[in-house]
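Trainee: For reference, the file final-v1.pdb (PDB, C-alpha atoms, pLDDT in the B column) is included below:
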ATOM      1  CA  MET I 125      -0.466 -27.285-119.479  1.00 43.00           C
ATOM      2  CA  THR I 126      -3.311 -26.350-117.140  1.00 41.00           C
ATOM      3  CA  ILE I 127      -2.707 -25.308-113.567  1.00 43.00           C
ATOM      4  CA  ALA I 128      -5.600 -26.038-111.211  1.00 45.00           C
ATOM      5  CA  THR I 129      -6.365 -23.163-108.882  1.00 44.00           C
ATOM      6  CA  THR I 130      -8.474 -23.153-105.777  1.00 43.00           C
ATOM      7  CA  THR I 131     -10.201 -19.959-104.847  1.00 43.00           C
ATOM      8  CA  SER I 132     -11.157 -18.838-101.374  1.00 43.00           C
ATOM      9  CA  GLU I 133     -14.769 -19.530-102.334  1.00 43.00           C
ATOM     10  CA  ASP I 134     -13.858 -23.173-103.015  1.00 44.00           C
ATOM     11  CA  HIS I 135     -12.315 -23.464 -99.554  1.00 44.00           C
ATOM     12  CA  SER I 136     -15.300 -21.915 -97.856  1.00 44.00           C
ATOM     13  CA  ALA I 137     -17.692 -24.112 -99.813  1.00 45.00           C
ATOM     14  CA  GLY I 138     -15.996 -27.251 -98.571  1.00 45.00           C
ATOM     15  CA  HIS I 139     -15.493 -25.951 -95.053  1.00 45.00           C
ATOM     16  CA  GLU I 140     -17.693 -27.321 -92.310  1.00 50.00           C
ATOM     17  CA  GLU I 141     -17.774 -25.707 -88.920  1.00 54.00           C
ATOM     18  CA  HIS I 142     -16.980 -27.991 -86.023  1.00 54.00           C
ATOM     19  CA  PRO I 143     -19.792 -28.396 -83.495  1.00 60.00           C
ATOM     20  CA  ASP I 144     -19.319 -26.757 -80.121  1.00 70.00           C
ATOM     21  CA  LEU I 145     -18.548 -29.658 -77.798  1.00 81.00           C
ATOM     22  CA  ARG I 146     -17.729 -27.624 -74.705  1.00 86.00           C
ATOM     23  CA  VAL I 147     -20.929 -28.624 -72.920  1.00 88.00           C
ATOM     24  CA  TRP I 148     -20.283 -32.295 -73.635  1.00 92.00           C
ATOM     25  CA  GLY I 149     -16.727 -31.862 -72.396  1.00 92.00           C
ATOM     26  CA  LEU I 150     -18.057 -30.393 -69.166  1.00 93.00           C
ATOM     27  CA  LEU I 151     -20.538 -33.246 -68.758  1.00 93.00           C
ATOM     28  CA  THR I 152     -17.719 -35.762 -69.236  1.00 94.00           C
ATOM     29  CA  PHE I 153     -15.651 -33.979 -66.600  1.00 94.00           C
ATOM     30  CA  LEU I 154     -18.574 -33.936 -64.168  1.00 95.00           C
ATOM     31  CA  ALA I 155     -19.144 -37.641 -64.779  1.00 96.00           C
ATOM     32  CA  SER I 156     -15.566 -38.311 -63.681  1.00 96.00           C
ATOM     33  CA  GLU I 157     -16.063 -36.085 -60.634  1.00 96.00           C
ATOM     34  CA  SER I 158     -19.222 -38.035 -59.803  1.00 96.00           C
ATOM     35  CA  LEU I 159     -17.158 -41.234 -59.724  1.00 96.00           C
ATOM     36  CA  MET I 160     -14.723 -39.606 -57.315  1.00 96.00           C
ATOM     37  CA  PHE I 161     -17.481 -38.463 -54.996  1.00 97.00           C
ATOM     38  CA  GLY I 162     -19.068 -41.894 -55.353  1.00 97.00           C
ATOM     39  CA  GLY I 163     -15.840 -43.413 -54.045  1.00 96.00           C
ATOM     40  CA  PHE I 164     -15.923 -41.075 -51.050  1.00 96.00           C
ATOM     41  CA  PHE I 165     -19.533 -41.955 -50.323  1.00 97.00           C
ATOM     42  CA  ALA I 166     -18.895 -45.693 -50.636  1.00 97.00           C
ATOM     43  CA  THR I 167     -15.920 -45.459 -48.264  1.00 96.00           C
ATOM     44  CA  TYR I 168     -17.994 -43.479 -45.776  1.00 96.00           C
ATOM     45  CA  LEU I 169     -20.801 -46.052 -45.865  1.00 96.00           C
ATOM     46  CA  PHE I 170     -18.300 -48.883 -45.422  1.00 95.00           C
ATOM     47  CA  PHE I 171     -16.828 -47.340 -42.275  1.00 94.00           C
ATOM     48  CA  ARG I 172     -20.309 -46.494 -41.019  1.00 93.00           C
ATOM     49  CA  GLY I 173     -21.407 -50.099 -41.450  1.00 92.00           C
ATOM     50  CA  THR I 174     -18.335 -51.578 -39.754  1.00 92.00           C
ATOM     51  CA  THR I 175     -18.118 -49.199 -36.794  1.00 89.00           C
ATOM     52  CA  ALA I 176     -20.167 -49.861 -33.667  1.00 88.00           C
ATOM     53  CA  VAL I 177     -20.805 -46.206 -32.807  1.00 89.00           C
ATOM     54  CA  TRP I 178     -21.160 -43.763 -35.680  1.00 91.00           C
ATOM     55  CA  PRO I 179     -20.169 -41.026 -35.448  1.00 90.00           C
ATOM     56  CA  PRO I 180     -17.787 -41.838 -32.582  1.00 89.00           C
ATOM     57  CA  GLU I 181     -18.314 -40.029 -29.316  1.00 88.00           C
ATOM     58  CA  GLY I 182     -16.898 -36.518 -29.385  1.00 86.00           C
ATOM     59  CA  SER I 183     -17.249 -36.069 -33.150  1.00 89.00           C
ATOM     60  CA  GLU I 184     -20.947 -35.453 -33.529  1.00 87.00           C
ATOM     61  CA  VAL I 185     -22.280 -33.052 -36.153  1.00 91.00           C
ATOM     62  CA  GLU I 186     -24.732 -30.244 -35.589  1.00 90.00           C
ATOM     63  CA  LEU I 187     -27.615 -29.659 -37.986  1.00 93.00           C
ATOM     64  CA  LEU I 188     -28.589 -25.991 -37.754  1.00 95.00           C
ATOM     65  CA  VAL I 189     -25.877 -24.381 -39.901  1.00 96.00           C
ATOM     66  CA  PRO I 190     -25.688 -27.254 -42.436  1.00 96.00           C
ATOM     67  CA  THR I 191     -29.477 -27.183 -42.828  1.00 97.00           C
ATOM     68  CA  ILE I 192     -29.445 -23.441 -43.450  1.00 97.00           C
ATOM     69  CA  ASN I 193     -26.586 -23.958 -45.894  1.00 97.00           C
ATOM     70  CA  THR I 194     -28.577 -26.659 -47.674  1.00 98.00           C
ATOM     71  CA  ILE I 195     -31.587 -24.389 -48.084  1.00 98.00           C
ATOM     72  CA  ILE I 196     -29.339 -21.648 -49.457  1.00 98.00           C
ATOM     73  CA  LEU I 197     -27.537 -23.914 -51.930  1.00 98.00           C
ATOM     74  CA  VAL I 198     -30.679 -25.657 -53.183  1.00 97.00           C
ATOM     75  CA  SER I 199     -32.386 -22.281 -53.616  1.00 98.00           C
ATOM     76  CA  SER I 200     -29.379 -20.954 -55.517  1.00 98.00           C
ATOM     77  CA  SER I 201     -29.915 -23.604 -58.197  1.00 97.00           C
ATOM     78  CA  PHE I 202     -33.280 -22.034 -58.989  1.00 97.00           C
ATOM     79  CA  VAL I 203     -31.766 -18.553 -58.903  1.00 98.00           C
ATOM     80  CA  ILE I 204     -28.977 -19.375 -61.353  1.00 97.00           C
ATOM     81  CA  HIS I 205     -31.513 -20.987 -63.675  1.00 97.00           C
ATOM     82  CA  PHE I 206     -33.395 -17.688 -63.766  1.00 97.00           C
ATOM     83  CA  GLY I 207     -30.170 -16.087 -64.963  1.00 96.00           C
ATOM     84  CA  ASP I 208     -29.731 -18.635 -67.749  1.00 95.00           C
ATOM     85  CA  THR I 209     -33.350 -18.165 -68.792  1.00 95.00           C
ATOM     86  CA  ALA I 210     -32.918 -14.380 -68.807  1.00 96.00           C
ATOM     87  CA  ILE I 211     -29.947 -14.360 -71.194  1.00 95.00           C
ATOM     88  CA  LYS I 212     -31.801 -16.690 -73.569  1.00 94.00           C
ATOM     89  CA  LYS I 213     -34.488 -14.008 -73.725  1.00 94.00           C
ATOM     90  CA  HIS I 214     -31.986 -11.222 -74.548  1.00 93.00           C
ATOM     91  CA  ASN I 215     -32.227  -9.980 -70.946  1.00 95.00           C
ATOM     92  CA  LEU I 216     -28.598  -9.270 -70.016  1.00 95.00           C
ATOM     93  CA  LYS I 217     -29.485  -7.189 -66.957  1.00 96.00           C
ATOM     94  CA  GLY I 218     -31.655 -10.012 -65.662  1.00 96.00           C
ATOM     95  CA  MET I 219     -28.832 -12.492 -66.137  1.00 96.00           C
ATOM     96  CA  GLN I 220     -26.444 -10.218 -64.266  1.00 97.00           C
ATOM     97  CA  LEU I 221     -28.893  -9.773 -61.397  1.00 98.00           C
ATOM     98  CA  TRP I 222     -29.620 -13.463 -60.912  1.00 98.00           C
ATOM     99  CA  TYR I 223     -25.971 -14.458 -61.247  1.00 97.00           C
ATOM    100  CA  ALA I 224     -24.960 -11.807 -58.715  1.00 98.00           C
ATOM    101  CA  ILE I 225     -27.527 -13.171 -56.249  1.00 98.00           C
ATOM    102  CA  THR I 226     -26.245 -16.705 -56.859  1.00 98.00           C
ATOM    103  CA  ALA I 227     -22.691 -15.556 -56.171  1.00 98.00           C
ATOM    104  CA  ILE I 228     -23.794 -14.037 -52.861  1.00 98.00           C
ATOM    105  CA  MET I 229     -25.590 -17.251 -51.913  1.00 98.00           C
ATOM    106  CA  GLY I 230     -22.517 -19.308 -52.787  1.00 98.00           C
ATOM    107  CA  ALA I 231     -20.312 -17.043 -50.672  1.00 98.00           C
ATOM    108  CA  ILE I 232     -22.746 -17.364 -47.756  1.00 98.00           C
ATOM    109  CA  PHE I 233     -22.622 -21.149 -48.094  1.00 98.00           C
ATOM    110  CA  LEU I 234     -18.826 -21.143 -47.914  1.00 98.00           C
ATOM    111  CA  GLY I 235     -18.913 -18.764 -44.962  1.00 98.00           C
ATOM    112  CA  GLY I 236     -21.313 -21.093 -43.176  1.00 97.00           C
ATOM    113  CA  GLN I 237     -19.011 -24.025 -43.825  1.00 97.00           C
ATOM    114  CA  VAL I 238     -16.022 -22.157 -42.407  1.00 97.00           C
ATOM    115  CA  TYR I 239     -18.087 -21.236 -39.352  1.00 97.00           C
ATOM    116  CA  GLU I 240     -19.108 -24.862 -38.907  1.00 96.00           C
ATOM    117  CA  TYR I 241     -15.493 -26.015 -39.063  1.00 95.00           C
ATOM    118  CA  SER I 242     -14.512 -23.469 -36.425  1.00 94.00           C
ATOM    119  CA  THR I 243     -17.150 -24.703 -33.958  1.00 93.00           C
ATOM    120  CA  LEU I 244     -16.945 -28.486 -34.318  1.00 93.00           C
ATOM    121  CA  GLY I 245     -14.232 -29.038 -31.732  1.00 89.00           C
ATOM    122  CA  TYR I 246     -12.435 -31.832 -33.586  1.00 92.00           C
ATOM    123  CA  GLY I 247     -10.044 -32.070 -36.504  1.00 92.00           C
ATOM    124  CA  MET I 248      -9.385 -34.271 -39.489  1.00 92.00           C
ATOM    125  CA  THR I 249      -7.146 -36.684 -37.561  1.00 91.00           C
ATOM    126  CA  THR I 250      -9.456 -37.146 -34.557  1.00 92.00           C
ATOM    127  CA  ASN I 251     -10.958 -40.395 -35.878  1.00 93.00           C
ATOM    128  CA  VAL I 252     -12.091 -42.041 -39.111  1.00 94.00           C
ATOM    129  CA  PHE I 253     -15.439 -40.236 -39.106  1.00 94.00           C
ATOM    130  CA  ALA I 254     -13.771 -36.844 -38.752  1.00 95.00           C
ATOM    131  CA  ASN I 255     -11.378 -37.746 -41.543  1.00 95.00           C
ATOM    132  CA  CYS I 256     -14.223 -38.702 -43.885  1.00 95.00           C
ATOM    133  CA  PHE I 257     -16.230 -35.655 -42.852  1.00 96.00           C
ATOM    134  CA  TYR I 258     -13.515 -33.119 -43.560  1.00 96.00           C
ATOM    135  CA  ILE I 259     -12.395 -34.728 -46.810  1.00 96.00           C
ATOM    136  CA  MET I 260     -15.902 -34.937 -48.273  1.00 97.00           C
ATOM    137  CA  THR I 261     -17.205 -31.564 -47.121  1.00 97.00           C
ATOM    138  CA  GLY I 262     -13.889 -29.867 -47.876  1.00 97.00           C
ATOM    139  CA  PHE I 263     -13.682 -31.333 -51.369  1.00 97.00           C
ATOM    140  CA  HIS I 264     -17.248 -30.266 -52.020  1.00 98.00           C
ATOM    141  CA  GLY I 265     -16.480 -26.815 -50.643  1.00 97.00           C
ATOM    142  CA  LEU I 266     -13.633 -26.574 -53.147  1.00 97.00           C
ATOM    143  CA  HIS I 267     -16.113 -27.296 -55.931  1.00 97.00           C
ATOM    144  CA  VAL I 268     -18.422 -24.583 -54.625  1.00 98.00           C
ATOM    145  CA  PHE I 269     -15.497 -22.160 -54.636  1.00 98.00           C
ATOM    146  CA  VAL I 270     -14.675 -23.058 -58.250  1.00 98.00           C
ATOM    147  CA  GLY I 271     -18.334 -22.580 -59.156  1.00 97.00           C
ATOM    148  CA  LEU I 272     -18.289 -19.199 -57.469  1.00 98.00           C
ATOM    149  CA  LEU I 273     -15.262 -18.194 -59.542  1.00 98.00           C
ATOM    150  CA  LEU I 274     -17.075 -19.267 -62.722  1.00 97.00           C
ATOM    151  CA  ILE I 275     -20.097 -17.164 -61.791  1.00 98.00           C
ATOM    152  CA  LEU I 276     -17.904 -14.151 -61.067  1.00 98.00           C
ATOM    153  CA  ARG I 277     -16.098 -14.638 -64.384  1.00 97.00           C
ATOM    154  CA  ALA I 278     -19.432 -14.708 -66.202  1.00 96.00           C
ATOM    155  CA  LEU I 279     -20.464 -11.496 -64.470  1.00 96.00           C
ATOM    156  CA  TRP I 280     -17.159  -9.805 -65.272  1.00 96.00           C
ATOM    157  CA  ARG I 281     -17.260 -10.835 -68.926  1.00 94.00           C
ATOM    158  CA  SER I 282     -20.888  -9.742 -69.245  1.00 94.00           C
ATOM    159  CA  ARG I 283     -19.654  -6.129 -69.076  1.00 92.00           C
ATOM    160  CA  LEU I 284     -18.207  -6.511 -72.575  1.00 91.00           C
ATOM    161  CA  PRO I 285     -20.550  -5.533 -75.431  1.00 91.00           C
ATOM    162  CA  GLY I 286     -21.907  -8.585 -77.228  1.00 87.00           C
ATOM    163  CA  GLU I 287     -20.160 -11.076 -74.943  1.00 91.00           C
ATOM    164  CA  TYR I 288     -23.413 -12.857 -74.106  1.00 92.00           C
ATOM    165  CA  SER I 289     -26.704 -12.905 -75.955  1.00 90.00           C
ATOM    166  CA  ALA I 290     -29.648 -15.162 -76.748  1.00 90.00           C
ATOM    167  CA  THR I 291     -27.495 -16.889 -79.377  1.00 88.00           C
ATOM    168  CA  ASN I 292     -24.160 -16.742 -77.546  1.00 89.00           C
ATOM    169  CA  HIS I 293     -24.444 -18.014 -73.994  1.00 90.00           C
ATOM    170  CA  THR I 294     -22.521 -21.299 -73.849  1.00 92.00           C
ATOM    171  CA  PHE I 295     -20.413 -20.264 -70.865  1.00 94.00           C
ATOM    172  CA  ILE I 296     -23.530 -19.169 -68.983  1.00 95.00           C
ATOM    173  CA  GLU I 297     -25.116 -22.540 -69.654  1.00 94.00           C
ATOM    174  CA  MET I 298     -21.975 -24.431 -68.607  1.00 95.00           C
ATOM    175  CA  THR I 299     -21.749 -22.465 -65.377  1.00 96.00           C
ATOM    176  CA  GLU I 300     -25.358 -23.318 -64.565  1.00 97.00           C
ATOM    177  CA  ILE I 301     -24.766 -27.014 -65.246  1.00 97.00           C
ATOM    178  CA  TYR I 302     -21.703 -27.031 -62.994  1.00 97.00           C
ATOM    179  CA  TRP I 303     -23.639 -25.292 -60.219  1.00 98.00           C
ATOM    180  CA  HIS I 304     -26.468 -27.835 -60.423  1.00 97.00           C
ATOM    181  CA  PHE I 305     -23.864 -30.598 -60.115  1.00 97.00           C
ATOM    182  CA  VAL I 306     -22.462 -29.004 -56.966  1.00 97.00           C
ATOM    183  CA  ASP I 307     -25.995 -28.778 -55.593  1.00 97.00           C
ATOM    184  CA  ILE I 308     -26.831 -32.431 -56.291  1.00 97.00           C
ATOM    185  CA  ILE I 309     -23.607 -33.653 -54.710  1.00 98.00           C
ATOM    186  CA  TRP I 310     -24.335 -31.608 -51.597  1.00 98.00           C
ATOM    187  CA  ILE I 311     -27.837 -33.080 -51.243  1.00 97.00           C
ATOM    188  CA  VAL I 312     -26.360 -36.591 -51.228  1.00 97.00           C
ATOM    189  CA  LEU I 313     -23.551 -35.546 -48.878  1.00 97.00           C
ATOM    190  CA  PHE I 314     -25.928 -33.777 -46.495  1.00 97.00           C
ATOM    191  CA  THR I 315     -28.171 -36.829 -46.376  1.00 96.00           C
ATOM    192  CA  LEU I 316     -25.318 -39.242 -45.661  1.00 95.00           C
ATOM    193  CA  VAL I 317     -23.249 -37.193 -43.234  1.00 95.00           C
ATOM    194  CA  TYR I 318     -25.886 -35.186 -41.399  1.00 95.00           C
ATOM    195  CA  VAL I 319     -29.357 -36.673 -41.718  1.00 93.00           C
ATOM    196  CA  LEU I 320     -28.398 -40.350 -41.353  1.00 90.00           C
ATOM    197  CA  THR I 321     -26.435 -39.620 -38.182  1.00 85.00           C
ATOM    198  CA  LEU I 322     -29.807 -39.135 -36.493  1.00 77.00           C
ATOM    199  CA  PHE I 323     -30.696 -42.799 -37.055  1.00 74.00           C
TER     200      PHE I 323
END
Have the structure of the file written as structure tokens, please.
Mentor:
Amino acid sequence: MTIATTTSEDHSAGHEEHPDLRVWGLLTFLASESLMFGGFFATYLFFRGTTAVWPPEGSEVELLVPTINTIILVSSSFVIHFGDTAIKKHNLKGMQLWYAITAIMGAIFLGGQVYEYSTLGYGMTTNVFANCFYIMTGFHGLHVFVGLLLILRALWRSRLPGEYSATNHTFIEMTEIYWHFVDIIWIVLFTLVYVLTLF
């Protein structure tokens, strides 16, 4: 009677490593978030098209702070990309520098948004425009805050030896992708809510 045995080498020979699907998972999540923002934008455009005066009197928006915020956020997309490029070239210090600058820019953006809220003179329940404005900008601000936390996590973890390298940087890449998403959504939001109110 022969007993078949399987050695550890046999197991390893038949073992196939699963592909890293974290980036695809993130892209799927962002696609679902895009649909949510798309719903907000469609609702905003519907109310804009069916309301005689838009925005209603007493709920106008000002452009100075949001424009500065837009310049900061758009610029931060280039800055964070420099960080991703740096780690892919074995430049950990460069990645840390660019990600730290991006974190500062993100914090400035959020500070500008808080300042804007404090000076508008109307609240979420003032009228339908104010309701749309606060929901869309607030929801986007939440995404910026989450992105800021991801950047800070990447910086904190980068202190650990071997945590990130030219061959191990998936989280860095995912953080950059998320930040670009936040940037793109803001460009659309800024155009709809701020720029189009001039016309």
Trainee: I need the residue set behind the PyMOL selection byres ((chain I and resi 274-281) around 12) for this file; please write it as a PyMOL selection string.
Mentor: chain I and resi 200+204+207-208+211+216-231+267-273+282-289+293-303
Trainee: Which centre and edge lengths in Å to one decimal define the box along x, y and z that fits every listed atom of stretch 244-252 of chain I plus 3 Å per side, as JSON?
Mentor:
{"center_x": -12.0, "center_y": -35.3, "center_z": -35.6, "size_x": 15.8, "size_y": 19.6, "size_z": 13.8}
Trainee: Got a sec to resolve the PyMOL selection byres ((chain I and resi 198) around 9) on this structure and send the residues as a PyMOL selection string?
Mentor: chain I and resi 193-197+199-202+304+307-308+310-311
Trainee: Please list as a list in words every residue within 12 Å of I:Val312, counting all atoms listed in the file and excluding residues in the same chain fewer than 5 positions away.
Mentor: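 With the cut-off at 12 Å, the set is Ser158, Phe161, Gly162, Phe164, Phe165, Ala166, Thr194, Val198, Met260, Thr261, His264, Phe305, Val306, Asp307, Val317, Tyr318, Val319 and Leu320 of chain I.
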Trainee: I would like the residues chosen by the PyMOL selection byres ((chain I and resi 186) around 12) on the shown file; could you give them as a VMD selection string?
Mentor: chain I and resid 179 182 to 185 187 to 192 237 239 to 241 243 to 245 314 317 to 319 321 to 322
Trainee: Using atom CA of I:Leu316 and atom CA of I:Leu154 as the two end points, give the distance in Å to one decimal.
Mentor: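 Atom CA of I:Leu154 lies 20.4 Å from atom CA of I:Leu316.
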Trainee: Could you jot down the atom CA of I:Leu234 to atom CA of I:Gly262 separation for me, Å, one decimal place?
Mentor: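 These atoms are spaced 10.0 Å apart.
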Trainee: Separation of atom CA of I:Arg146 and atom CA of I:Thr291, in Å?
Mentor: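 Taking atom CA of I:Arg146 and atom CA of I:Thr291, their separation equals 15.2 Å.
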Trainee: Which residue is closest to I:Tyr258? Choose from I:Leu313, I:Ile232, I:Ala210, I:Ala290 and count all atoms listed in the file.
Mentor: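 With all atoms listed in the file as the atom set, the closest residue is I:Leu313.
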Trainee: Any chance you could model all heavy atoms for stretch 161-171 of chain I and send them as a PDB file, in the coordinates of the input?
Mentor:
ATOM      1  N   PHE I 161     -16.610 -38.632 -56.148  1.00 97.00           N
ATOM      2  CA  PHE I 161     -17.481 -38.463 -54.996  1.00 97.00           C
ATOM      3  C   PHE I 161     -18.138 -39.783 -54.614  1.00 97.00           C
ATOM      4  O   PHE I 161     -18.339 -40.074 -53.433  1.00 97.00           O
ATOM      5  CB  PHE I 161     -18.554 -37.410 -55.291  1.00 97.00           C
ATOM      6  CG  PHE I 161     -18.112 -36.004 -55.039  1.00 97.00           C
ATOM      7  CD1 PHE I 161     -17.836 -35.149 -56.103  1.00 97.00           C
ATOM      8  CD2 PHE I 161     -17.971 -35.515 -53.744  1.00 97.00           C
ATOM      9  CE1 PHE I 161     -17.430 -33.835 -55.873  1.00 97.00           C
ATOM     10  CE2 PHE I 161     -17.558 -34.214 -53.503  1.00 97.00           C
ATOM     11  CZ  PHE I 161     -17.289 -33.369 -54.575  1.00 97.00           C
ATOM     12  N   GLY I 162     -18.487 -40.578 -55.629  1.00 97.00           N
ATOM     13  CA  GLY I 162     -19.068 -41.894 -55.353  1.00 97.00           C
ATOM     14  C   GLY I 162     -18.128 -42.761 -54.540  1.00 97.00           C
ATOM     15  O   GLY I 162     -18.558 -43.506 -53.647  1.00 97.00           O
ATOM     16  N   GLY I 163     -16.831 -42.677 -54.830  1.00 96.00           N
ATOM     17  CA  GLY I 163     -15.840 -43.413 -54.045  1.00 96.00           C
ATOM     18  C   GLY I 163     -15.805 -42.943 -52.606  1.00 96.00           C
ATOM     19  O   GLY I 163     -15.712 -43.749 -51.673  1.00 96.00           O
ATOM     20  N   PHE I 164     -15.877 -41.625 -52.417  1.00 96.00           N
ATOM     21  CA  PHE I 164     -15.923 -41.075 -51.050  1.00 96.00           C
ATOM     22  C   PHE I 164     -17.152 -41.584 -50.300  1.00 96.00           C
ATOM     23  O   PHE I 164     -17.064 -42.002 -49.139  1.00 96.00           O
ATOM     24  CB  PHE I 164     -15.960 -39.543 -51.096  1.00 96.00           C
ATOM     25  CG  PHE I 164     -14.679 -38.902 -51.529  1.00 96.00           C
ATOM     26  CD1 PHE I 164     -14.678 -37.667 -52.157  1.00 96.00           C
ATOM     27  CD2 PHE I 164     -13.453 -39.524 -51.312  1.00 96.00           C
ATOM     28  CE1 PHE I 164     -13.498 -37.061 -52.551  1.00 96.00           C
ATOM     29  CE2 PHE I 164     -12.262 -38.933 -51.702  1.00 96.00           C
ATOM     30  CZ  PHE I 164     -12.290 -37.700 -52.324  1.00 96.00           C
ATOM     31  N   PHE I 165     -18.295 -41.542 -50.981  1.00 97.00           N
ATOM     32  CA  PHE I 165     -19.533 -41.955 -50.323  1.00 97.00           C
ATOM     33  C   PHE I 165     -19.505 -43.443 -49.976  1.00 97.00           C
ATOM     34  O   PHE I 165     -19.963 -43.850 -48.900  1.00 97.00           O
ATOM     35  CB  PHE I 165     -20.726 -41.652 -51.229  1.00 97.00           C
ATOM     36  CG  PHE I 165     -20.934 -40.190 -51.503  1.00 97.00           C
ATOM     37  CD1 PHE I 165     -21.581 -39.768 -52.658  1.00 97.00           C
ATOM     38  CD2 PHE I 165     -20.468 -39.221 -50.623  1.00 97.00           C
ATOM     39  CE1 PHE I 165     -21.779 -38.412 -52.911  1.00 97.00           C
ATOM     40  CE2 PHE I 165     -20.645 -37.866 -50.864  1.00 97.00           C
ATOM     41  CZ  PHE I 165     -21.308 -37.468 -52.020  1.00 97.00           C
ATOM     42  N   ALA I 166     -18.973 -44.256 -50.888  1.00 97.00           N
ATOM     43  CA  ALA I 166     -18.895 -45.693 -50.636  1.00 97.00           C
ATOM     44  C   ALA I 166     -17.968 -45.988 -49.455  1.00 97.00           C
ATOM     45  O   ALA I 166     -18.270 -46.839 -48.605  1.00 97.00           O
ATOM     46  CB  ALA I 166     -18.401 -46.411 -51.894  1.00 97.00           C
ATOM     47  N   THR I 167     -16.846 -45.281 -49.383  1.00 96.00           N
ATOM     48  CA  THR I 167     -15.920 -45.459 -48.264  1.00 96.00           C
ATOM     49  C   THR I 167     -16.577 -45.056 -46.953  1.00 96.00           C
ATOM     50  O   THR I 167     -16.456 -45.755 -45.937  1.00 96.00           O
ATOM     51  CB  THR I 167     -14.653 -44.608 -48.489  1.00 96.00           C
ATOM     52  OG1 THR I 167     -14.031 -45.007 -49.710  1.00 96.00           O
ATOM     53  CG2 THR I 167     -13.671 -44.777 -47.342  1.00 96.00           C
ATOM     54  N   TYR I 168     -17.290 -43.950 -46.973  1.00 96.00           N
ATOM     55  CA  TYR I 168     -17.994 -43.479 -45.776  1.00 96.00           C
ATOM     56  C   TYR I 168     -19.007 -44.520 -45.303  1.00 96.00           C
ATOM     57  O   TYR I 168     -19.074 -44.833 -44.112  1.00 96.00           O
ATOM     58  CB  TYR I 168     -18.680 -42.155 -46.084  1.00 96.00           C
ATOM     59  CG  TYR I 168     -19.493 -41.612 -44.934  1.00 96.00           C
ATOM     60  CD1 TYR I 168     -18.889 -40.847 -43.942  1.00 96.00           C
ATOM     61  CD2 TYR I 168     -20.858 -41.866 -44.839  1.00 96.00           C
ATOM     62  CE1 TYR I 168     -19.633 -40.351 -42.871  1.00 96.00           C
ATOM     63  CE2 TYR I 168     -21.606 -41.375 -43.787  1.00 96.00           C
ATOM     64  CZ  TYR I 168     -20.988 -40.623 -42.802  1.00 96.00           C
ATOM     65  OH  TYR I 168     -21.735 -40.142 -41.746  1.00 96.00           O
ATOM     66  N   LEU I 169     -19.791 -45.054 -46.233  1.00 96.00           N
ATOM     67  CA  LEU I 169     -20.801 -46.052 -45.865  1.00 96.00           C
ATOM     68  C   LEU I 169     -20.163 -47.331 -45.354  1.00 96.00           C
ATOM     69  O   LEU I 169     -20.706 -47.992 -44.460  1.00 96.00           O
ATOM     70  CB  LEU I 169     -21.694 -46.342 -47.075  1.00 96.00           C
ATOM     71  CG  LEU I 169     -22.640 -45.211 -47.480  1.00 96.00           C
ATOM     72  CD1 LEU I 169     -23.344 -45.546 -48.799  1.00 96.00           C
ATOM     73  CD2 LEU I 169     -23.673 -44.955 -46.377  1.00 96.00           C
ATOM     74  N   PHE I 170     -19.007 -47.680 -45.905  1.00 95.00           N
ATOM     75  CA  PHE I 170     -18.300 -48.883 -45.422  1.00 95.00           C
ATOM     76  C   PHE I 170     -17.888 -48.705 -43.967  1.00 95.00           C
ATOM     77  O   PHE I 170     -18.130 -49.581 -43.129  1.00 95.00           O
ATOM     78  CB  PHE I 170     -17.067 -49.147 -46.288  1.00 95.00           C
ATOM     79  CG  PHE I 170     -16.174 -50.222 -45.740  1.00 95.00           C
ATOM     80  CD1 PHE I 170     -16.491 -51.564 -45.909  1.00 95.00           C
ATOM     81  CD2 PHE I 170     -15.014 -49.891 -45.041  1.00 95.00           C
ATOM     82  CE1 PHE I 170     -15.669 -52.565 -45.383  1.00 95.00           C
ATOM     83  CE2 PHE I 170     -14.193 -50.877 -44.515  1.00 95.00           C
ATOM     84  CZ  PHE I 170     -14.520 -52.219 -44.689  1.00 95.00           C
ATOM     85  N   PHE I 171     -17.249 -47.583 -43.659  1.00 94.00           N
ATOM     86  CA  PHE I 171     -16.828 -47.340 -42.275  1.00 94.00           C
ATOM     87  C   PHE I 171     -18.025 -47.215 -41.343  1.00 94.00           C
ATOM     88  O   PHE I 171     -17.988 -47.678 -40.200  1.00 94.00           O
ATOM     89  CB  PHE I 171     -15.957 -46.083 -42.195  1.00 94.00           C
ATOM     90  CG  PHE I 171     -14.571 -46.270 -42.719  1.00 94.00           C
ATOM     91  CD1 PHE I 171     -14.063 -45.439 -43.714  1.00 94.00           C
ATOM     92  CD2 PHE I 171     -13.747 -47.274 -42.223  1.00 94.00           C
ATOM     93  CE1 PHE I 171     -12.777 -45.610 -44.197  1.00 94.00           C
ATOM     94  CE2 PHE I 171     -12.458 -47.456 -42.705  1.00 94.00           C
ATOM     95  CZ  PHE I 171     -11.970 -46.619 -43.695  1.00 94.00           C
TER      96      PHE I 171
END
